[in-house]
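Engineer: protein-v1.cif (mmCIF, C-alpha atoms and all ligand atoms) pasted underneath:
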data_model
loop_
_atom_site.label_atom_id
_atom_site.label_comp_id
_atom_site.auth_asym_id
_atom_site.auth_seq_id
_atom_site.Cartn_x
_atom_site.Cartn_y
_atom_site.Cartn_z
CA MET S 20 -106.15 -67.53 24.60
CA ALA S 21 -106.43 -71.08 25.62
CA SER S 22 -109.05 -71.69 28.22
CA GLY S 23 -107.36 -74.77 29.46
CA LYS S 24 -110.54 -76.82 28.97
CA ASP S 25 -110.96 -79.87 26.78
CA PRO S 26 -112.78 -78.62 23.61
CA SER S 27 -114.39 -82.00 23.08
CA GLN S 28 -116.35 -81.51 26.34
CA PRO S 29 -119.61 -79.51 26.27
CA LEU S 30 -119.13 -75.96 27.40
CA GLU S 31 -120.12 -75.24 30.95
CA PRO S 32 -122.13 -72.05 30.86
CA GLU S 33 -120.57 -69.16 32.61
CA GLU S 34 -122.34 -68.14 35.84
CA PRO S 35 -124.39 -65.16 34.44
CA PHE S 36 -125.40 -67.23 31.38
CA HIS S 37 -126.31 -70.07 33.59
CA SER S 38 -128.79 -68.05 35.59
CA LEU S 39 -130.20 -66.44 32.39
CA ILE S 40 -130.77 -69.81 30.79
CA SER S 41 -132.36 -71.13 33.92
CA ASP S 42 -134.59 -68.00 34.05
CA ILE S 43 -135.60 -68.48 30.40
CA SER S 44 -136.28 -72.16 30.82
CA SER S 45 -138.34 -71.54 33.98
CA LEU S 46 -140.23 -68.77 32.12
CA ALA S 47 -140.78 -71.12 29.20
CA SER S 48 -142.06 -73.87 31.43
CA LYS S 49 -144.24 -71.35 33.29
CA SER S 50 -145.72 -69.98 30.07
CA LYS S 51 -146.08 -73.54 28.79
CA LYS S 52 -147.96 -74.38 31.98
CA GLU S 53 -150.05 -71.24 31.66
CA SER S 54 -150.94 -71.85 28.06
CA GLN S 55 -151.70 -75.47 28.90
CA SER S 56 -154.01 -74.40 31.68
CA ALA S 57 -155.59 -71.81 29.33
CA ILE S 58 -156.23 -74.62 26.82
CA GLU S 59 -157.69 -76.79 29.57
CA GLU S 60 -159.91 -73.92 30.71
CA THR S 61 -161.13 -73.30 27.14
CA ASN S 62 -161.82 -77.02 26.69
CA ARG S 63 -163.79 -77.07 29.92
CA LEU S 64 -165.85 -74.07 28.81
CA PHE S 65 -166.57 -75.67 25.43
CA ALA S 66 -167.58 -78.92 27.15
CA ILE S 67 -169.99 -77.00 29.41
CA LEU S 68 -171.40 -75.14 26.39
CA GLU S 69 -171.83 -78.39 24.48
CA SER S 70 -173.62 -80.12 27.33
CA MET S 71 -176.19 -77.32 27.68
CA ALA S 72 -179.76 -78.16 26.73
CA GLU S 73 -180.23 -74.54 25.67
CA GLY S 74 -178.98 -73.40 22.29
CA VAL S 75 -176.16 -70.83 22.53
CA LEU S 76 -174.75 -68.57 19.81
CA VAL S 77 -172.22 -65.78 20.14
CA ALA S 78 -172.02 -63.05 17.48
CA ASP S 79 -169.34 -60.34 17.31
CA THR S 80 -169.85 -56.63 16.73
CA GLU S 81 -169.48 -57.28 12.95
CA GLN S 82 -172.63 -59.48 13.16
CA LYS S 83 -170.57 -62.61 12.51
CA VAL S 84 -170.99 -65.88 14.38
CA LEU S 85 -168.07 -66.54 16.73
CA LEU S 86 -169.34 -69.81 18.14
CA LEU S 87 -172.49 -71.88 18.59
CA ASN S 88 -173.23 -75.09 20.47
CA SER S 89 -174.70 -78.35 19.19
CA SER S 90 -178.11 -77.81 20.83
CA LEU S 91 -178.59 -74.68 18.72
CA ALA S 92 -177.22 -76.32 15.56
CA GLN S 93 -179.65 -79.23 16.03
CA ALA S 94 -182.68 -77.07 16.80
CA PHE S 95 -182.18 -74.89 13.73
CA GLU S 96 -180.58 -77.57 11.54
CA PHE S 97 -177.38 -75.54 11.04
CA ASN S 98 -174.10 -77.11 10.03
CA LYS S 99 -172.08 -76.17 13.10
CA LYS S 100 -168.71 -75.84 11.35
CA GLU S 101 -170.03 -73.90 8.38
CA ALA S 102 -172.05 -71.56 10.60
CA VAL S 103 -168.97 -70.08 12.34
CA GLY S 104 -167.77 -66.94 10.57
CA ARG S 105 -171.05 -66.31 8.75
CA PHE S 106 -173.45 -63.46 9.44
CA TYR S 107 -176.20 -64.50 11.90
CA TRP S 108 -178.82 -63.14 9.50
CA GLU S 109 -177.58 -65.53 6.80
CA LEU S 110 -178.33 -68.39 9.16
CA PHE S 111 -181.60 -67.57 10.86
CA ARG S 112 -183.67 -66.13 8.01
CA ASP S 113 -186.26 -65.16 10.60
CA THR S 114 -186.99 -61.43 10.69
CA GLU S 115 -187.92 -61.33 14.35
CA ILE S 116 -184.81 -63.21 15.55
CA ASN S 117 -182.54 -61.07 13.35
CA GLU S 118 -184.14 -57.89 14.62
CA MET S 119 -183.47 -59.03 18.18
CA PHE S 120 -179.78 -59.53 17.38
CA THR S 121 -179.50 -56.17 15.60
CA THR S 122 -181.17 -54.29 18.45
CA ALA S 123 -179.14 -56.03 21.18
CA LEU S 124 -175.87 -55.38 19.30
CA LYS S 125 -176.70 -51.75 18.62
CA GLU S 126 -178.12 -50.87 22.01
CA LYS S 127 -175.68 -53.05 23.98
CA SER S 128 -178.54 -54.13 26.20
CA ALA S 129 -180.30 -57.46 26.90
CA ILE S 130 -183.54 -58.50 25.14
CA LYS S 131 -185.81 -61.42 26.07
CA LYS S 132 -188.78 -62.69 24.02
CA GLU S 133 -190.88 -65.77 23.40
CA HIS S 134 -190.87 -66.60 19.73
CA ALA S 135 -192.77 -69.22 17.73
CA LEU S 136 -190.78 -70.39 14.71
CA LEU S 137 -192.46 -69.80 11.40
CA PHE S 138 -191.90 -73.18 9.79
CA SER S 139 -192.14 -75.54 12.74
CA LYS S 140 -194.27 -75.94 15.84
CA SER S 141 -191.35 -75.03 18.12
CA VAL S 142 -191.51 -72.11 20.51
CA PHE S 143 -188.33 -70.64 22.02
CA GLU S 144 -187.62 -68.23 24.81
CA ILE S 145 -184.74 -66.19 23.40
CA GLN S 146 -182.48 -64.04 25.52
CA ILE S 147 -179.76 -61.97 23.82
CA SER S 148 -177.27 -60.19 26.09
CA PRO S 149 -174.23 -57.99 25.37
CA VAL S 150 -170.78 -59.40 26.20
CA PHE S 151 -168.25 -57.02 27.73
CA THR S 152 -164.68 -57.79 28.78
CA ALA S 153 -162.75 -55.50 31.15
CA ASP S 154 -162.00 -53.01 28.38
CA ASP S 155 -163.84 -54.16 25.29
CA TYR S 156 -167.28 -54.88 23.83
CA LEU S 157 -167.20 -58.30 22.16
CA GLY S 158 -170.72 -58.62 20.78
CA VAL S 159 -173.74 -60.58 22.00
CA VAL S 160 -174.54 -64.01 23.37
CA ALA S 161 -177.94 -65.50 22.53
CA VAL S 162 -179.53 -68.28 24.59
CA PHE S 163 -182.45 -70.23 23.06
CA ARG S 164 -184.63 -72.23 25.49
CA ASP S 165 -187.10 -74.63 23.88
CA ILE S 166 -190.46 -74.02 25.61
CA THR S 167 -192.67 -75.86 23.09
CA LEU S 168 -193.86 -78.48 25.61
CA LEU S 169 -194.41 -75.87 28.28
CA LYS S 170 -196.58 -73.88 25.87
CA GLU S 171 -198.54 -77.01 24.94
CA PHE S 172 -199.21 -77.72 28.64
CA GLU S 173 -200.29 -74.13 29.13
CA THR S 174 -202.74 -74.40 26.23
CA LEU S 175 -204.08 -77.72 27.54
CA ARG S 176 -204.54 -76.24 31.00
CA THR S 177 -206.35 -73.17 29.66
CA GLU S 178 -208.59 -75.37 27.51
CA PHE S 179 -209.26 -77.65 30.47
CA VAL S 180 -210.27 -74.75 32.74
CA ALA S 181 -212.51 -73.37 29.97
CA ASN S 182 -214.12 -76.81 29.48
CA VAL S 183 -214.66 -77.37 33.20
CA SER S 184 -216.20 -73.92 33.60
CA HIS S 185 -218.50 -74.57 30.66
CA GLU S 186 -219.51 -78.01 31.93
CA LEU S 187 -220.26 -76.63 35.40
CA LYS S 188 -222.13 -73.64 34.03
CA THR S 189 -224.63 -75.64 31.96
CA PRO S 190 -226.38 -77.50 34.83
CA LEU S 191 -225.98 -74.52 37.18
CA THR S 192 -227.74 -72.17 34.74
CA SER S 193 -230.58 -74.65 34.47
CA ILE S 194 -230.85 -75.02 38.28
CA LEU S 195 -230.83 -71.25 38.84
CA GLY S 196 -233.41 -70.77 36.06
CA PHE S 197 -235.88 -73.23 37.58
CA VAL S 198 -235.36 -71.89 41.12
CA GLU S 199 -236.18 -68.43 39.77
CA THR S 200 -239.31 -69.75 38.01
CA LEU S 201 -240.47 -71.42 41.24
CA LYS S 202 -239.88 -68.23 43.20
CA GLU S 203 -241.81 -66.19 40.66
CA GLY S 204 -244.96 -68.19 41.34
CA ALA S 205 -244.58 -71.69 39.89
CA ILE S 206 -244.23 -72.98 43.47
CA GLU S 207 -247.98 -72.43 43.83
CA ASP S 208 -248.65 -74.58 40.75
CA PRO S 209 -248.78 -78.21 42.00
CA GLU S 210 -248.62 -79.65 38.49
CA HIS S 211 -245.43 -77.84 37.43
CA ARG S 212 -243.52 -77.50 40.68
CA LEU S 213 -242.81 -81.22 40.96
CA LYS S 214 -241.56 -81.33 37.36
CA PHE S 215 -239.29 -78.32 38.00
CA LEU S 216 -237.97 -79.83 41.21
CA GLN S 217 -237.20 -83.06 39.35
CA ILE S 218 -235.21 -81.09 36.76
CA ILE S 219 -233.31 -79.35 39.56
CA GLU S 220 -232.58 -82.74 41.11
CA THR S 221 -231.32 -84.22 37.81
CA GLN S 222 -229.10 -81.21 37.11
CA SER S 223 -227.72 -81.29 40.68
CA LYS S 224 -226.87 -84.98 40.24
CA LYS S 225 -225.04 -84.12 37.00
CA LEU S 226 -223.05 -81.45 38.81
CA HIS S 227 -222.27 -83.93 41.54
CA SER S 228 -220.99 -86.64 39.17
CA LEU S 229 -218.98 -84.09 37.20
CA ILE S 230 -217.24 -82.87 40.36
CA GLU S 231 -216.71 -86.47 41.50
CA ASP S 232 -215.13 -87.38 38.15
CA LEU S 233 -212.90 -84.31 38.20
CA LEU S 234 -211.68 -85.08 41.72
CA PHE S 235 -211.13 -88.72 40.81
CA LEU S 236 -209.20 -87.77 37.67
CA SER S 237 -206.90 -85.48 39.63
CA ARG S 238 -206.37 -88.26 42.19
CA VAL S 239 -205.41 -90.72 39.48
CA GLU S 240 -203.16 -88.24 37.71
CA SER S 241 -201.38 -87.29 40.89
CA ALA S 242 -198.36 -89.48 41.47
CA LYS S 243 -198.95 -88.88 45.20
CA GLU S 244 -201.92 -91.27 45.19
CA PRO S 245 -200.24 -94.66 45.63
CA LEU S 246 -201.57 -97.81 43.97
CA ARG S 247 -202.79 -100.31 46.54
CA LEU S 248 -201.64 -103.40 44.70
CA GLU S 249 -203.13 -106.79 45.48
CA GLU S 250 -203.94 -109.99 43.65
CA VAL S 251 -207.26 -109.42 41.93
CA ASP S 252 -209.43 -112.31 40.75
CA ILE S 253 -211.11 -110.97 37.60
CA GLU S 254 -214.11 -113.30 37.96
CA SER S 255 -215.00 -111.77 41.33
CA LEU S 256 -214.45 -108.32 39.86
CA PHE S 257 -216.94 -109.14 37.06
CA GLU S 258 -219.45 -110.41 39.64
CA LYS S 259 -219.22 -107.15 41.56
CA ILE S 260 -219.72 -105.11 38.39
CA MET S 261 -222.77 -107.24 37.41
CA GLU S 262 -224.28 -106.43 40.81
CA ILE S 263 -223.71 -102.69 40.33
CA PHE S 264 -225.32 -102.63 36.88
CA GLN S 265 -228.15 -105.10 37.58
CA PRO S 266 -230.83 -102.47 38.41
CA ILE S 267 -230.20 -100.25 35.38
CA VAL S 268 -229.80 -103.20 33.00
CA LYS S 269 -233.04 -104.71 34.23
CA GLU S 270 -234.86 -101.42 33.78
CA LYS S 271 -233.58 -101.11 30.22
CA LYS S 272 -234.32 -104.78 29.48
CA MET S 273 -230.70 -105.25 28.52
CA GLY S 274 -228.17 -107.92 29.48
CA VAL S 275 -224.65 -107.81 30.90
CA GLN S 276 -222.96 -111.17 30.98
CA PHE S 277 -219.69 -113.09 31.09
CA ALA S 278 -218.84 -116.74 30.59
CA ARG S 279 -217.69 -118.55 33.73
CA PHE S 280 -213.92 -119.01 33.85
CA ASP S 281 -212.34 -122.49 33.45
CA LYS S 282 -209.44 -121.39 35.62
CA PRO S 283 -208.96 -118.18 37.62
CA VAL S 284 -207.52 -115.15 35.83
CA LEU S 285 -205.44 -113.23 38.34
CA VAL S 286 -203.77 -109.87 38.02
CA THR S 287 -201.78 -107.64 40.37
CA ALA S 288 -203.70 -104.37 40.51
CA ASP S 289 -205.39 -101.76 42.66
CA PHE S 290 -208.87 -103.29 43.04
CA ILE S 291 -210.75 -99.97 43.42
CA PHE S 292 -208.97 -98.43 40.41
CA LEU S 293 -209.46 -101.52 38.24
CA GLU S 294 -213.13 -101.77 39.20
CA ARG S 295 -213.61 -98.12 38.23
CA ALA S 296 -211.80 -98.64 34.90
CA VAL S 297 -213.98 -101.63 33.92
CA SER S 298 -217.19 -100.02 35.29
CA ASN S 299 -216.65 -96.96 33.08
CA LEU S 300 -216.46 -99.24 30.03
CA VAL S 301 -219.57 -101.20 31.03
CA ASP S 302 -221.40 -97.94 31.77
CA ASN S 303 -220.62 -96.73 28.22
CA ALA S 304 -221.50 -100.13 26.72
CA VAL S 305 -224.93 -99.81 28.37
CA LYS S 306 -225.40 -96.11 27.52
CA TYR S 307 -224.42 -96.32 23.87
CA ASN S 308 -226.07 -99.67 23.17
CA ARG S 309 -229.10 -100.35 21.02
CA GLU S 310 -232.46 -101.01 22.62
CA LYS S 311 -232.40 -104.25 24.61
CA GLY S 312 -228.78 -104.76 23.54
CA GLN S 313 -226.21 -107.03 25.17
CA VAL S 314 -222.89 -106.37 26.89
CA TRP S 315 -220.21 -109.06 27.22
CA MET S 316 -217.24 -109.11 29.53
CA ARG S 317 -214.31 -111.44 29.00
CA ALA S 318 -210.86 -111.87 30.50
CA PHE S 319 -207.94 -114.02 29.48
CA GLN S 320 -204.22 -114.24 29.73
CA ASP S 321 -201.91 -114.21 26.71
CA ARG S 322 -198.31 -113.28 25.90
CA ASP S 323 -198.96 -109.52 26.47
CA GLY S 324 -200.48 -110.06 29.90
CA VAL S 325 -204.05 -110.10 31.18
CA LYS S 326 -206.67 -108.76 28.80
CA ILE S 327 -210.10 -107.55 29.90
CA GLU S 328 -212.64 -106.99 27.14
CA VAL S 329 -215.96 -105.15 27.25
CA LYS S 330 -218.02 -105.59 24.12
CA ASP S 331 -221.37 -104.10 23.10
CA GLU S 332 -223.67 -104.20 20.09
CA GLY S 333 -224.44 -100.50 20.12
CA ILE S 334 -224.11 -97.43 17.96
CA GLY S 335 -220.36 -97.82 17.35
CA ILE S 336 -217.77 -95.08 16.91
CA ALA S 337 -216.63 -93.61 13.57
CA PRO S 338 -212.87 -93.98 12.77
CA ALA S 339 -212.32 -90.19 12.97
CA ASP S 340 -213.66 -90.12 16.54
CA LEU S 341 -211.76 -93.22 17.70
CA THR S 342 -208.53 -91.25 18.07
CA ARG S 343 -210.19 -88.56 20.18
CA ILE S 344 -212.54 -90.34 22.58
CA PHE S 345 -209.86 -90.61 25.27
CA GLU S 346 -209.47 -86.82 25.47
CA ARG S 347 -211.11 -85.13 28.43
CA PHE S 348 -214.63 -83.89 27.63
CA TYR S 349 -214.57 -85.28 24.08
CA ARG S 350 -217.94 -86.69 23.12
CA VAL S 351 -219.11 -87.87 19.72
CA ASP S 352 -222.63 -86.63 20.38
CA LYS S 353 -222.63 -84.00 23.13
CA SER S 354 -226.36 -83.78 23.75
CA ARG S 355 -226.78 -87.57 23.76
CA SER S 356 -223.96 -88.00 26.27
CA ARG S 357 -225.38 -85.26 28.54
CA GLU S 358 -228.89 -86.70 28.29
CA LEU S 359 -227.50 -90.06 29.43
CA GLY S 360 -225.71 -88.45 32.38
CA GLY S 361 -222.22 -88.60 30.83
CA THR S 362 -219.50 -86.21 31.94
CA GLY S 363 -217.14 -86.78 29.01
CA LEU S 364 -214.43 -87.88 31.44
CA GLY S 365 -215.08 -91.64 31.76
CA LEU S 366 -212.69 -92.88 29.08
CA SER S 367 -209.89 -90.51 30.01
CA ILE S 368 -210.20 -91.72 33.62
CA THR S 369 -210.07 -95.37 32.45
CA LYS S 370 -207.04 -94.67 30.25
CA HIS S 371 -205.16 -93.00 33.11
CA LEU S 372 -206.07 -95.81 35.51
CA ILE S 373 -204.68 -98.46 33.19
CA GLU S 374 -201.58 -96.47 32.35
CA ARG S 375 -200.84 -96.09 36.06
CA HIS S 376 -200.71 -99.91 36.12
CA GLY S 377 -198.24 -99.86 33.23
CA GLY S 378 -200.94 -101.10 30.84
CA ARG S 379 -202.84 -99.70 27.88
CA ILE S 380 -206.31 -99.51 26.36
CA GLU S 381 -207.35 -100.47 22.83
CA VAL S 382 -210.61 -100.05 20.98
CA GLU S 383 -212.23 -101.57 17.92
CA SER S 384 -215.54 -100.36 16.59
CA ALA S 385 -217.93 -100.55 13.65
CA LEU S 386 -220.73 -98.03 13.22
CA ASN S 387 -224.13 -99.43 14.16
CA GLN S 388 -222.62 -102.81 14.96
CA GLY S 389 -220.80 -102.33 18.22
CA THR S 390 -217.60 -101.55 20.07
CA THR S 391 -215.00 -103.58 21.95
CA PHE S 392 -212.69 -101.95 24.47
CA THR S 393 -209.70 -104.01 25.68
CA LEU S 394 -207.66 -103.25 28.78
CA ILE S 395 -204.21 -104.81 28.65
CA LEU S 396 -202.40 -105.22 31.96
CA PRO S 397 -198.78 -106.38 31.74
CA LYS S 398 -197.76 -109.51 33.60
P1 LIG B 1 -219.22 -89.87 28.41
O1 LIG B 1 -219.43 -89.44 29.81
O2 LIG B 1 -219.70 -88.87 27.42
O3 LIG B 1 -219.71 -91.24 28.15
P2 LIG B 1 -216.59 -90.99 27.97
O4 LIG B 1 -215.25 -90.37 28.15
O5 LIG B 1 -216.89 -92.20 28.75
O6 LIG B 1 -217.63 -89.84 28.23
O7 LIG B 1 -216.76 -91.33 26.42
C1 LIG B 1 -216.45 -90.34 25.46
C2 LIG B 1 -217.32 -90.52 24.24
O8 LIG B 1 -216.95 -91.72 23.55
C3 LIG B 1 -218.79 -90.67 24.54
O9 LIG B 1 -219.44 -89.41 24.67
C4 LIG B 1 -219.29 -91.44 23.32
O10 LIG B 1 -219.52 -90.53 22.26
C5 LIG B 1 -218.08 -92.31 22.94
N1 LIG B 1 -218.22 -93.70 23.45
C6 LIG B 1 -217.63 -94.19 24.56
N2 LIG B 1 -217.91 -95.50 24.71
C7 LIG B 1 -218.70 -95.86 23.68
C8 LIG B 1 -219.34 -97.07 23.26
N3 LIG B 1 -219.22 -98.21 23.94
N4 LIG B 1 -220.06 -97.03 22.12
C9 LIG B 1 -220.19 -95.91 21.40
N5 LIG B 1 -219.63 -94.72 21.74
C10 LIG B 1 -218.89 -94.69 22.86
#
Take the structure in the file and write it out as structure tokens.
Ligand code: ADP
Structural biologist:
Amino acid sequence: MASGKDPSQPLEPEEPFHSLISDISSLASKSKKESQSAIEETNRLFAILESMAEGVLVADTEQKVLLLNSSLAQAFEFNKKEAVGRFYWELFRDTEINEMFTTALKEKSAIKKEHALLFSKSVFEIQISPVFTADDYLGVVAVFRDITLLKEFETLRTEFVANVSHELKTPLTSILGFVETLKEGAIEDPEHRLKFLQIIETQSKKLHSLIEDLLFLSRVESAKEPLRLEEVDIESLFEKIMEIFQPIVKEKKMGVQFARFDKPVLVTADFIFLERAVSNLVDNAVKYNREKGQVWMRAFQDRDGVKIEVKDEGIGIAPADLTRIFERFYRVDKSRSRELGGTGLGLSITKHLIERHGGRIEVESALNQGTTFTLILPK
């Protein structure tokens, strides 16, 4: 039966078809939108995972890697693409890490441990947790946090506390010992009591300078202590230092000197801090010098900035020690340093002081010939 419509024209859908098609097309566009938003959501999650500093790896209940992020791939030198789909124990080859995965997967409970890698210095805090969806158990997610630096700081702090305690204990033991001896009768002995009191005085002074140095070091290290910057004329700084060292140098029949400047050498610095930095170097140059030795100070400006040199003709420092002398409490010859009233903190204070000014310290030395320390302050 003829419909009475022109067959060359596209068919107009009948009413029920029309609504069905419109339903289907709206469903299709809805599901297209939904799947698009699901893709966007997944992309967002991957981007978050990728930007994490922590390493992340997800393993399924079959012990196979579902996904891992770049931080983990980098830390363990895995090829990210090749790692997916492999067993986690093929990748890690570390018994302790693999045991953590196995236990977490089996017991469906979280595990957290600090673990030092066998073949590198890195230490990780590893947390492996089970992953559950509404009605399923997917496997586990492992988060690896690199705590190597934190561990190093912890070790340094423990060592520092141990060193400080030891350094404080030595003079204190001596003081207490001599007080005890005096109490036990030596106080009645005019010849010895003065000698003992002098020892107590010397040891107390050592304690005092150690505590002073420690407080000063913590002041310099603390970013809270602001630098009081001003224009410092190095020649007047040298004059002040000469004044400070005059009595001791005279007593030791030594000399501290500097050549007069043709033109002023100026630097922007905290005067008190800079004076302390240079004084520490001059103090060492006097302490570790030969008998009746000389100390020279010099300052000049070059391309790197202002350089301040302190040079002596003393015992010198062996190459192996040169790399360590800036560490706190490091001394080449412990008993010699203590005898001379050293605390083992002078050079580390000087280094910190100069670094706070954005500068650096250099040293050159030859055994039994002398040492030159150079402070370099940027323009
Ligand atoms: P100290 O209080 O022991 O002098 P420092 O931190 O100032 O501590 O110096 C660390 C060590 O470096 C000293 O104990 C000494 O062994 C060595 N040292 C420093 N300056 C000189 C120098 N000018 N000549 C030779 N040795 C030096």
Engineer: Could you check the closest approach to Gly389 in chain S for each of S:Lys188, S:Lys225, S:Arg322, S:Lys330 and tell me which residue wins, using only C-alpha atoms?
Structural biologist: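 Result for the nearest residue to Gly389 in chain S: S:Lys330.
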Engineer: Could you please extract the residues within 9 Å of ligand LIG 1 (chain B), counting all atoms listed in the file, and hand them back as a ChimeraX atom specification?
Structural biologist: /S:299-308,329-337,340-341,343-357,359-369,384,386-387,389-392
Engineer: What's around range 378-383 of chain S at 8 Å? Count all atoms listed in the file, leave out sequence neighbours fewer than 2 positions away in its own chain, and write the answer as a PDB file with C-alpha atoms, keeping the file's coordinate frame.
Structural biologist:
ATOM      1  CA  LEU S 341    -211.760 -93.220  17.700  1.00  0.00           C
ATOM      2  CA  LYS S 370    -207.040 -94.670  30.250  1.00  0.00           C
ATOM      3  CA  ILE S 373    -204.680 -98.460  33.190  1.00  0.00           C
ATOM      4  CA  GLU S 374    -201.580 -96.470  32.350  1.00  0.00           C
ATOM      5  CA  ARG S 375    -200.840 -96.090  36.060  1.00  0.00           C
ATOM      6  CA  HIS S 376    -200.710 -99.910  36.120  1.00  0.00           C
ATOM      7  CA  ALA S 385    -217.930-100.550  13.650  1.00  0.00           C
ATOM      8  CA  THR S 390    -217.600-101.550  20.070  1.00  0.00           C
ATOM      9  CA  THR S 391    -215.000-103.580  21.950  1.00  0.00           C
ATOM     10  CA  PHE S 392    -212.690-101.950  24.470  1.00  0.00           C
ATOM     11  CA  THR S 393    -209.700-104.010  25.680  1.00  0.00           C
ATOM     12  CA  LEU S 394    -207.660-103.250  28.780  1.00  0.00           C
ATOM     13  CA  ILE S 395    -204.210-104.810  28.650  1.00  0.00           C
ATOM     14  CA  LEU S 396    -202.400-105.220  31.960  1.00  0.00           C
ATOM     15  CA  PRO S 397    -198.780-106.380  31.740  1.00  0.00           C
TER      16      PRO S 397
END
Engineer: Using all atoms listed in the file, find each residue of range 64-120 of chain S with at least one atom at most 7 Å away from an atom of range 139-160 of chain S; report its shortest atom-to-atom pair and that distance in Å (one decimal), sort the rows by chain and rising residue number, and return the result as a Markdown table.
Structural biologist:
| residue | atom | partner | partner_atom | distance |
| --- | --- | --- | --- | --- |
| S:Leu76 | CA | S:Val160 | CA | 5.8 |
| S:Val77 | CA | S:Val160 | CA | 4.4 |
| S:Ala78 | CA | S:Val159 | CA | 5.4 |
| S:Asp79 | CA | S:Gly158 | CA | 4.1 |
| S:Thr80 | CA | S:Gly158 | CA | 4.6 |
| S:Phe120 | CA | S:Ile147 | CA | 6.9 |
Engineer: Quick one: of S:Leu293, S:Leu195, S:Leu168, S:Leu110, who's nearest to Ile253 in chain S, counting only C-alpha atoms?
Structural biologist: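 Looking at the shortest contact to Ile253 in chain S, the residue is S:Leu293.
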Engineer: Hey, can you check how far CA of Leu248 in chain S sits from CA of Thr287 in chain S?
Structural biologist: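 Taking CA of Leu248 in chain S as the start and CA of Thr287 in chain S as the end point, the length is 6.1 Å.
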Engineer: Which residues are close to Ser223 in chain S, i.e. within 12 Å by all atoms listed in the file, leaving aside same-chain residues fewer than 2 positions away? Reply as an mmCIF file with C-alpha atoms, keeping the file's coordinate frame.
Structural biologist:
data_model
loop_
_atom_site.group_PDB
_atom_site.id
_atom_site.type_symbol
_atom_site.label_atom_id
_atom_site.label_comp_id
_atom_site.auth_asym_id
_atom_site.auth_seq_id
_atom_site.Cartn_x
_atom_site.Cartn_y
_atom_site.Cartn_z
ATOM 1 C CA LEU S 187 -220.260 -76.630 35.400
ATOM 2 C CA LYS S 188 -222.130 -73.640 34.030
ATOM 3 C CA THR S 189 -224.630 -75.640 31.960
ATOM 4 C CA PRO S 190 -226.380 -77.500 34.830
ATOM 5 C CA LEU S 191 -225.980 -74.520 37.180
ATOM 6 C CA THR S 192 -227.740 -72.170 34.740
ATOM 7 C CA SER S 193 -230.580 -74.650 34.470
ATOM 8 C CA ILE S 194 -230.850 -75.020 38.280
ATOM 9 C CA LEU S 195 -230.830 -71.250 38.840
ATOM 10 C CA PHE S 197 -235.880 -73.230 37.580
ATOM 11 C CA LEU S 216 -237.970 -79.830 41.210
ATOM 12 C CA GLN S 217 -237.200 -83.060 39.350
ATOM 13 C CA ILE S 218 -235.210 -81.090 36.760
ATOM 14 C CA ILE S 219 -233.310 -79.350 39.560
ATOM 15 C CA GLU S 220 -232.580 -82.740 41.110
ATOM 16 C CA THR S 221 -231.320 -84.220 37.810
ATOM 17 C CA LYS S 225 -225.040 -84.120 37.000
ATOM 18 C CA LEU S 226 -223.050 -81.450 38.810
ATOM 19 C CA HIS S 227 -222.270 -83.930 41.540
ATOM 20 C CA SER S 228 -220.990 -86.640 39.170
ATOM 21 C CA LEU S 229 -218.980 -84.090 37.200
ATOM 22 C CA ILE S 230 -217.240 -82.870 40.360
ATOM 23 C CA GLY S 360 -225.710 -88.450 32.380
#
Engineer: Have a look at CA of Val183 in chain S and CA of Pro338 in chain S and let me know their distance in Å, one decimal.
Structural biologist: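 Answer for the CA of Val183 in chain S to CA of Pro338 in chain S separation: 26.4 Å.
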Engineer: For CA of Lys398 in chain S and CA of Val325 in chain S, quote the distance in Å rounded to one decimal.
Structural biologist: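 Between these atoms lies a distance of 6.8 Å.
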Engineer: Pick out the closest residue to Arg247 in chain S from this set: S:Met273, S:Leu213, S:Leu234, S:Ala288. Count only C-alpha atoms.
Structural biologist: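 Nearest to Arg247 in chain S: S:Ala288.
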Engineer: Go through S:Pro245, S:Ala66, S:Gly74, S:Ser56 and flag the residue nearest Phe97 in chain S, using all atoms listed in the file for the distances.
Structural biologist: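 The answer is S:Gly74, which sits nearest to Phe97 in chain S.
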Engineer: So which residues touch Phe290 in chain S within 9 Å, counting all atoms listed in the file, skipping near sequence neighbours fewer than 4 positions away, as a PyMOL selection string?
Structural biologist: chain S and resi 247-251+256+294-295
Engineer: Please produce a file of those selected residues containing C-alpha atoms, as an mmCIF file, in the frame of the given file.
Structural biologist:
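Contents of part_13.cif, freshly written:
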data_model
loop_
_atom_site.group_PDB
_atom_site.id
_atom_site.type_symbol
_atom_site.label_atom_id
_atom_site.label_comp_id
_atom_site.auth_asym_id
_atom_site.auth_seq_id
_atom_site.Cartn_x
_atom_site.Cartn_y
_atom_site.Cartn_z
ATOM 1 C CA ARG S 247 -202.790 -100.310 46.540
ATOM 2 C CA LEU S 248 -201.640 -103.400 44.700
ATOM 3 C CA GLU S 249 -203.130 -106.790 45.480
ATOM 4 C CA GLU S 250 -203.940 -109.990 43.650
ATOM 5 C CA VAL S 251 -207.260 -109.420 41.930
ATOM 6 C CA LEU S 256 -214.450 -108.320 39.860
ATOM 7 C CA GLU S 294 -213.130 -101.770 39.200
ATOM 8 C CA ARG S 295 -213.610 -98.120 38.230
#
Engineer: For Phe138 in chain S, which residue out of S:Phe111, S:Asp321, S:Ser50, S:Glu270 is the nearest one, using only C-alpha atoms?
Structural biologist: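 Answer, going by the shortest atom-to-atom distance: S:Phe111.
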